[in-house]
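Presented below is the structure to which this report refers.
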Amino acid sequence: MVVIPVAVFVLVFLLTRPLFTKVTRRPVQEPEQKEETQTEEILDTDTAVVKAASDDMKGAPGWNVSDSGWWYLNDDMTTFTGGWKTIDGQRYYFKDSGYMATGWVNTGTVKDSYFDSYGILDTSKQQKLVALTYDDGPSANTDKVLDALEKYGAKATFFVVGMQADYYTSQLQREYDLGMEIGNHSYTHPWLNQLTPDEIDEELGHDDDVISKVTGSAPALVRPTGGGISANVIESINRPLIQWDVDTLDWEHLDADQTYDRAMRLVQDGSIILMHDLFAPSADCADRMISSLQEAGYKLVTVSELAEAYGYDLEPGGQYYAFYPGGCEENRTKQQGLDEIYDA
Ligand code: NI
């Protein structure tokens with residue numbers, strides 16, 4: 001996104017409980033007719049494994065409870081563990097321990113599912129998803145971003161510049177170790193849309209080499225520098241080109257409050273937010289931005305996870321501004337629309 005003079009790169013380089021009681025519980029509700037936003041697998045397939053109940057899980061057939069939670073005993077004193085199970089027409093999820101899950105639960109899909117205090121799946125509660133993206137690093141500020149992501153169990157995508165990664169290799173390693181997605185953002189950050197196909201190959205190939213040394217493979221995704229596109233960029237990169245729908249303009253104002261405010265004001269379900277871990281103010285607002293997004297009902301995922309969750313196929317040479325639920329065409333025009341509204 002940013003045109004960074006070589007001098008800036010050089011400068012950054014330099015500075016740088018238990019009664020077992022059978023309980024007749026709960027009003028068994030009729031399953032409500034709800035929006036079918038969950039996958040069929042979740043709606044139809046029982047994945048829970050039947051196991052002998054542990055010593056902690058004594059009781060009578062049916063639902064039982066202790067301070068540790070609820071569990072379900074079959075007539076043969078087996079119990080359900082580690083997956084989905086339909087009981088009396090309701091969907092439940094059992095933890096590996098055999099206890100019934102409540103609240104937001106990761107069931108193995110990108111989106112978490114919500115189970116009420118009775119453990120019943122509530123599909124009216126849907127998580128929103130967002131992909132934070134950080135460009136132009138790694139840098140001396142990257143660890144602050146990673147600290148915040150790690151603290152809140154969040155994921156982000158880093159579009160890495162190779163010459164930065166040559167110097168800040170431990171930060172790149174930490175991005176990878178924490179399960180962040182790594183994307184290609186060229187080796188020296190030239191305007192790719194002003195280069196020949198051979199020059200583009202050289203820039204991306206060199207960046208692939210630097211990243212592969214840490215991750216073991218070339219990145220699947222590319223963010224063109226400055227979001228700049230040309231026929232050569234589309235044809236020679238031959239990988240999905242990841243743009244954004246929320247521009248924090250962090251590179252321009254270099255202000256943590258403005259970066260936070262723009263992200264929180266413009267974000268919607270399926271957004272890709274553009275930021276730069278090259279700059280200290282962008283790292284300084286990472287902690288409160290991540291906690292505020294989570295409080296607002298967002299799960300922070302990688303770009304690839306976001307596309308997968310909302311059913312988008314990523315095609316080589318395709319440009320992607322966002323992955324809104326249930327719509328493709330809108331993604332191509334959304335960014336422009338937002339800029340007109342908020343930057344006028
Ligand atoms: Ni950039």
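Residue numbers start at 1 in each chain; chains themselves are named A, B, ... in the order of the structure tokens; ligands are numbered from 1 in the order shown.
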Per residue of chain A within 10 Å of ligand 1, which atom pair is closest and at what distance in Å (one decimal), using only C-alpha atoms and all ligand atoms, listed by chain and increasing number, as CSV?
```
residue,atom,partner,partner_atom_place_in_ligand_line,distance
A:Met1,CA,ligand 1,1 (Ni),3.7
A:Val2,CA,ligand 1,1 (Ni),4.6
A:Val3,CA,ligand 1,1 (Ni),6.8
A:Ile4,CA,ligand 1,1 (Ni),7.9
A:Tyr134,CA,ligand 1,1 (Ni),8.9
A:Asp135,CA,ligand 1,1 (Ni),5.4
A:Asp136,CA,ligand 1,1 (Ni),4.9
A:Gly137,CA,ligand 1,1 (Ni),8.7
A:Phe159,CA,ligand 1,1 (Ni),8.0
A:Val160,CA,ligand 1,1 (Ni),8.7
A:Val161,CA,ligand 1,1 (Ni),8.0
A:His185,CA,ligand 1,1 (Ni),6.8
A:Ser186,CA,ligand 1,1 (Ni),8.8
A:Thr188,CA,ligand 1,1 (Ni),9.9
A:His189,CA,ligand 1,1 (Ni),6.6
A:Pro190,CA,ligand 1,1 (Ni),8.9
A:Trp191,CA,ligand 1,1 (Ni),9.2
A:Arg223,CA,ligand 1,1 (Ni),8.0
A:Pro224,CA,ligand 1,1 (Ni),7.6
A:Thr225,CA,ligand 1,1 (Ni),4.7
A:Gly226,CA,ligand 1,1 (Ni),5.4
A:Gly227,CA,ligand 1,1 (Ni),7.9
A:Gly228,CA,ligand 1,1 (Ni),9.9
A:Trp251,CA,ligand 1,1 (Ni),9.3
A:Leu274,CA,ligand 1,1 (Ni),9.7
A:Met275,CA,ligand 1,1 (Ni),9.2
A:His276,CA,ligand 1,1 (Ni),7.6
A:Leu278,CA,ligand 1,1 (Ni),9.3
```
Mind dumping the selected residues with C-alpha atoms as a PDB file, in the first residue's frame?
```pdb
ATOM      1  CA  MET A   1       0.000   0.000   0.000  1.00  0.00           C
ATOM      2  CA  VAL A   2       2.737   2.336   0.884  1.00  0.00           C
ATOM      3  CA  VAL A   3       5.431   3.631  -1.316  1.00  0.00           C
ATOM      4  CA  ILE A   4       8.356   3.432   1.015  1.00  0.00           C
ATOM      5  CA  TYR A 134      -0.595  -6.315   8.167  1.00  0.00           C
ATOM      6  CA  ASP A 135       1.729  -5.275   5.336  1.00  0.00           C
ATOM      7  CA  ASP A 136       5.331  -4.235   4.767  1.00  0.00           C
ATOM      8  CA  GLY A 137       6.871  -6.006   7.762  1.00  0.00           C
ATOM      9  CA  PHE A 159       1.902  -9.702   3.778  1.00  0.00           C
ATOM     10  CA  VAL A 160       5.638  -9.885   4.147  1.00  0.00           C
ATOM     11  CA  VAL A 161       8.342  -7.872   2.384  1.00  0.00           C
ATOM     12  CA  HIS A 185       4.219  -8.646  -0.730  1.00  0.00           C
ATOM     13  CA  SER A 186       7.396  -8.623  -2.916  1.00  0.00           C
ATOM     14  CA  THR A 188      11.856  -4.745  -2.148  1.00  0.00           C
ATOM     15  CA  HIS A 189       8.329  -3.269  -2.386  1.00  0.00           C
ATOM     16  CA  PRO A 190       8.462  -1.638  -5.825  1.00  0.00           C
ATOM     17  CA  TRP A 191       5.297  -0.676  -7.714  1.00  0.00           C
ATOM     18  CA  ARG A 223      -0.986  -8.570  -2.005  1.00  0.00           C
ATOM     19  CA  PRO A 224       0.218  -6.303  -4.795  1.00  0.00           C
ATOM     20  CA  THR A 225       2.194  -3.317  -3.519  1.00  0.00           C
ATOM     21  CA  GLY A 226      -0.124  -0.365  -3.079  1.00  0.00           C
ATOM     22  CA  GLY A 227      -2.940  -2.597  -4.304  1.00  0.00           C
ATOM     23  CA  GLY A 228      -1.688  -1.659  -7.777  1.00  0.00           C
ATOM     24  CA  TRP A 251       0.429   4.690   6.732  1.00  0.00           C
ATOM     25  CA  LEU A 274      -5.546  -3.054   5.796  1.00  0.00           C
ATOM     26  CA  MET A 275      -2.816  -2.057   8.244  1.00  0.00           C
ATOM     27  CA  HIS A 276       0.978  -2.022   8.364  1.00  0.00           C
ATOM     28  CA  LEU A 278       5.940  -1.502   9.783  1.00  0.00           C
TER      29      LEU A 278
END
```
Helix (DSSP H, G or I) residues, from DSSP on the backbone, in range 201-252 of chain A, as a short mmCIF file (atom, residue, chain, number, x, y, z; two decimals) with C-alpha atoms, in the first residue's frame:
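As written to disk, out03.cif reads:
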```cif
data_model
loop_
_atom_site.label_atom_id
_atom_site.label_comp_id
_atom_site.auth_asym_id
_atom_site.auth_seq_id
_atom_site.Cartn_x
_atom_site.Cartn_y
_atom_site.Cartn_z
CA ASP A 201 8.73 -12.88 -11.17
CA GLU A 202 12.06 -11.83 -9.67
CA GLU A 203 10.43 -9.75 -6.91
CA LEU A 204 7.87 -12.40 -5.93
CA GLY A 205 10.30 -15.31 -6.38
CA HIS A 206 12.86 -13.71 -4.11
CA ASP A 207 10.16 -13.07 -1.45
CA ASP A 208 8.93 -16.70 -1.83
CA ASP A 209 12.49 -17.91 -1.15
CA VAL A 210 12.86 -15.84 2.02
CA ILE A 211 9.45 -16.90 3.37
CA SER A 212 9.87 -20.59 2.38
CA LYS A 213 13.02 -20.83 4.48
CA VAL A 214 10.82 -20.25 7.53
CA THR A 215 7.45 -21.74 6.51
CA THR A 225 2.19 -3.32 -3.52
CA GLY A 226 -0.12 -0.36 -3.08
CA GLY A 227 -2.94 -2.60 -4.30
CA ALA A 231 -2.21 -6.81 -16.92
CA ASN A 232 1.32 -8.04 -16.07
CA VAL A 233 0.46 -8.27 -12.35
CA ILE A 234 -2.68 -10.32 -13.01
CA GLU A 235 -1.10 -12.60 -15.62
CA SER A 236 2.32 -13.23 -14.17
CA ILE A 237 1.51 -13.49 -10.47
CA ASP A 250 -2.52 4.05 9.05
CA TRP A 251 0.43 4.69 6.73
CA GLU A 252 -0.83 8.20 6.03
#
```
- request: Enumerate as a PyMOL selection string all residues of range 14-216 of chain A assigned to strand (DSSP E) by DSSP on the backbone, naming them with the chain letters and numbers the document uses.
  value: chain A and resi 21-22+49-52+62-66+69-73+78-81+83-87+90-94+103-105+113-115+128-135+157-160+181-184
Can you spit out the residues from that selection as a short mmCIF file (atom, residue, chain, number, x, y, z; two decimals), in the first residue's frame, using N, CA and C atoms?
```
data_model
loop_
_atom_site.label_atom_id
_atom_site.label_comp_id
_atom_site.auth_asym_id
_atom_site.auth_seq_id
_atom_site.Cartn_x
_atom_site.Cartn_y
_atom_site.Cartn_z
N THR A 21 -26.49 -36.56 40.36
CA THR A 21 -27.93 -36.58 40.39
C THR A 21 -28.49 -36.71 39.00
N LYS A 22 -29.40 -37.63 38.88
CA LYS A 22 -30.11 -37.67 37.60
C LYS A 22 -31.06 -36.50 37.62
N VAL A 49 -18.39 -39.57 19.70
CA VAL A 49 -17.97 -40.97 19.84
C VAL A 49 -18.58 -41.51 21.14
N VAL A 50 -19.09 -42.76 21.09
CA VAL A 50 -19.65 -43.39 22.30
C VAL A 50 -18.53 -44.07 23.07
N LYS A 51 -18.40 -43.70 24.35
CA LYS A 51 -17.33 -44.29 25.17
C LYS A 51 -17.88 -44.68 26.53
N ALA A 52 -17.18 -45.61 27.20
CA ALA A 52 -17.57 -45.96 28.57
C ALA A 52 -17.42 -44.71 29.42
N GLY A 62 -29.64 -40.93 31.05
CA GLY A 62 -30.18 -39.60 30.75
C GLY A 62 -29.18 -38.54 31.14
N TRP A 63 -29.68 -37.34 31.34
CA TRP A 63 -28.80 -36.21 31.68
C TRP A 63 -28.41 -36.24 33.14
N ASN A 64 -27.17 -35.95 33.42
CA ASN A 64 -26.63 -35.88 34.78
C ASN A 64 -25.79 -34.63 34.89
N VAL A 65 -25.62 -34.15 36.12
CA VAL A 65 -24.84 -32.93 36.28
C VAL A 65 -24.00 -32.98 37.54
N SER A 66 -22.85 -32.36 37.49
CA SER A 66 -22.01 -32.14 38.65
C SER A 66 -21.41 -30.75 38.49
N GLY A 69 -20.03 -30.06 35.08
CA GLY A 69 -20.87 -29.83 33.91
C GLY A 69 -21.88 -30.96 33.70
N TRP A 70 -22.58 -30.90 32.56
CA TRP A 70 -23.59 -31.89 32.21
C TRP A 70 -22.98 -33.01 31.38
N TRP A 71 -23.50 -34.24 31.56
CA TRP A 71 -23.15 -35.33 30.64
C TRP A 71 -24.37 -36.20 30.43
N TYR A 72 -24.35 -37.03 29.41
CA TYR A 72 -25.51 -37.85 29.04
C TYR A 72 -25.13 -39.31 29.11
N LEU A 73 -25.87 -40.09 29.93
CA LEU A 73 -25.59 -41.52 30.04
C LEU A 73 -26.61 -42.34 29.26
N THR A 78 -22.70 -45.87 28.79
CA THR A 78 -21.74 -45.18 27.93
C THR A 78 -22.15 -43.72 27.85
N THR A 79 -21.22 -42.91 27.36
CA THR A 79 -21.50 -41.48 27.25
C THR A 79 -20.99 -40.97 25.91
N PHE A 80 -21.40 -39.77 25.53
CA PHE A 80 -20.95 -39.18 24.24
C PHE A 80 -19.76 -38.28 24.47
N THR A 81 -18.79 -38.37 23.59
CA THR A 81 -17.61 -37.50 23.70
C THR A 81 -17.19 -36.97 22.34
N GLY A 83 -17.83 -34.46 20.02
CA GLY A 83 -18.51 -34.16 18.76
C GLY A 83 -19.99 -33.89 18.93
N TRP A 84 -20.66 -33.81 17.75
CA TRP A 84 -22.09 -33.48 17.68
C TRP A 84 -22.97 -34.68 18.01
N LYS A 85 -24.13 -34.43 18.66
CA LYS A 85 -25.11 -35.49 18.91
C LYS A 85 -26.50 -34.86 19.00
N THR A 86 -27.46 -35.46 18.28
CA THR A 86 -28.85 -35.03 18.39
C THR A 86 -29.54 -35.86 19.47
N ILE A 87 -30.11 -35.20 20.47
CA ILE A 87 -30.85 -35.87 21.56
C ILE A 87 -32.20 -35.17 21.68
N GLN A 90 -32.76 -32.07 19.59
CA GLN A 90 -31.91 -30.89 19.74
C GLN A 90 -30.45 -31.25 19.46
N ARG A 91 -29.72 -30.25 18.97
CA ARG A 91 -28.31 -30.47 18.65
C ARG A 91 -27.42 -30.06 19.82
N TYR A 92 -26.56 -30.97 20.23
CA TYR A 92 -25.60 -30.72 21.31
C TYR A 92 -24.20 -30.98 20.80
N TYR A 93 -23.25 -30.44 21.54
CA TYR A 93 -21.85 -30.74 21.23
C TYR A 93 -21.17 -31.18 22.52
N PHE A 94 -20.54 -32.34 22.47
CA PHE A 94 -19.86 -32.87 23.65
C PHE A 94 -18.36 -32.70 23.52
N GLY A 103 -22.03 -22.02 25.39
CA GLY A 103 -21.38 -20.79 24.94
C GLY A 103 -20.82 -20.95 23.54
N TRP A 104 -19.86 -20.10 23.18
CA TRP A 104 -19.21 -20.18 21.87
C TRP A 104 -18.20 -21.31 21.88
N VAL A 105 -18.31 -22.21 20.90
CA VAL A 105 -17.47 -23.40 20.88
C VAL A 105 -16.90 -23.60 19.48
N SER A 113 -19.69 -22.15 16.93
CA SER A 113 -21.13 -22.31 17.08
C SER A 113 -21.53 -21.94 18.50
N TYR A 114 -22.80 -21.45 18.65
CA TYR A 114 -23.26 -21.01 19.97
C TYR A 114 -24.25 -22.00 20.58
N PHE A 115 -23.98 -22.41 21.81
CA PHE A 115 -24.85 -23.33 22.55
C PHE A 115 -25.34 -22.60 23.79
N LYS A 128 -19.58 -13.13 13.64
CA LYS A 128 -19.12 -12.39 12.48
C LYS A 128 -17.62 -12.67 12.33
N LEU A 129 -17.13 -12.54 11.10
CA LEU A 129 -15.72 -12.83 10.84
C LEU A 129 -15.03 -11.61 10.25
N VAL A 130 -13.77 -11.44 10.56
CA VAL A 130 -12.98 -10.37 9.96
C VAL A 130 -11.53 -10.84 9.83
N ALA A 131 -10.87 -10.36 8.77
CA ALA A 131 -9.45 -10.67 8.57
C ALA A 131 -8.63 -9.39 8.72
N LEU A 132 -7.82 -9.32 9.74
CA LEU A 132 -6.85 -8.24 9.85
C LEU A 132 -5.67 -8.58 8.97
N THR A 133 -5.18 -7.60 8.21
CA THR A 133 -3.98 -7.84 7.41
C THR A 133 -2.94 -6.77 7.74
N TYR A 134 -1.71 -7.22 7.87
CA TYR A 134 -0.60 -6.31 8.17
C TYR A 134 0.44 -6.44 7.06
N ASP A 135 0.81 -5.29 6.46
CA ASP A 135 1.73 -5.27 5.34
C ASP A 135 3.09 -4.67 5.71
N THR A 157 -3.30 -12.01 8.98
CA THR A 157 -2.48 -12.35 7.82
C THR A 157 -1.43 -11.28 7.64
N PHE A 158 -0.19 -11.72 7.47
CA PHE A 158 0.92 -10.79 7.28
C PHE A 158 1.41 -10.88 5.85
N PHE A 159 1.33 -9.75 5.12
CA PHE A 159 1.90 -9.70 3.78
C PHE A 159 3.32 -9.18 3.91
N VAL A 160 4.26 -10.10 3.75
CA VAL A 160 5.64 -9.89 4.15
C VAL A 160 6.51 -9.37 3.00
N GLU A 181 -1.29 -16.41 8.93
CA GLU A 181 -1.09 -16.67 7.51
C GLU A 181 -0.04 -15.69 7.00
N ILE A 182 0.85 -16.20 6.16
CA ILE A 182 1.90 -15.37 5.58
C ILE A 182 1.62 -15.23 4.08
N GLY A 183 1.60 -13.99 3.61
CA GLY A 183 1.39 -13.73 2.19
C GLY A 183 2.60 -13.02 1.60
N ASN A 184 2.68 -13.05 0.26
CA ASN A 184 3.79 -12.42 -0.46
C ASN A 184 3.45 -10.96 -0.76
#
```
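Taking CA of Arg174 in chain A and CA of Leu146 in chain A as the two end points, the separation is 7.9 Å.
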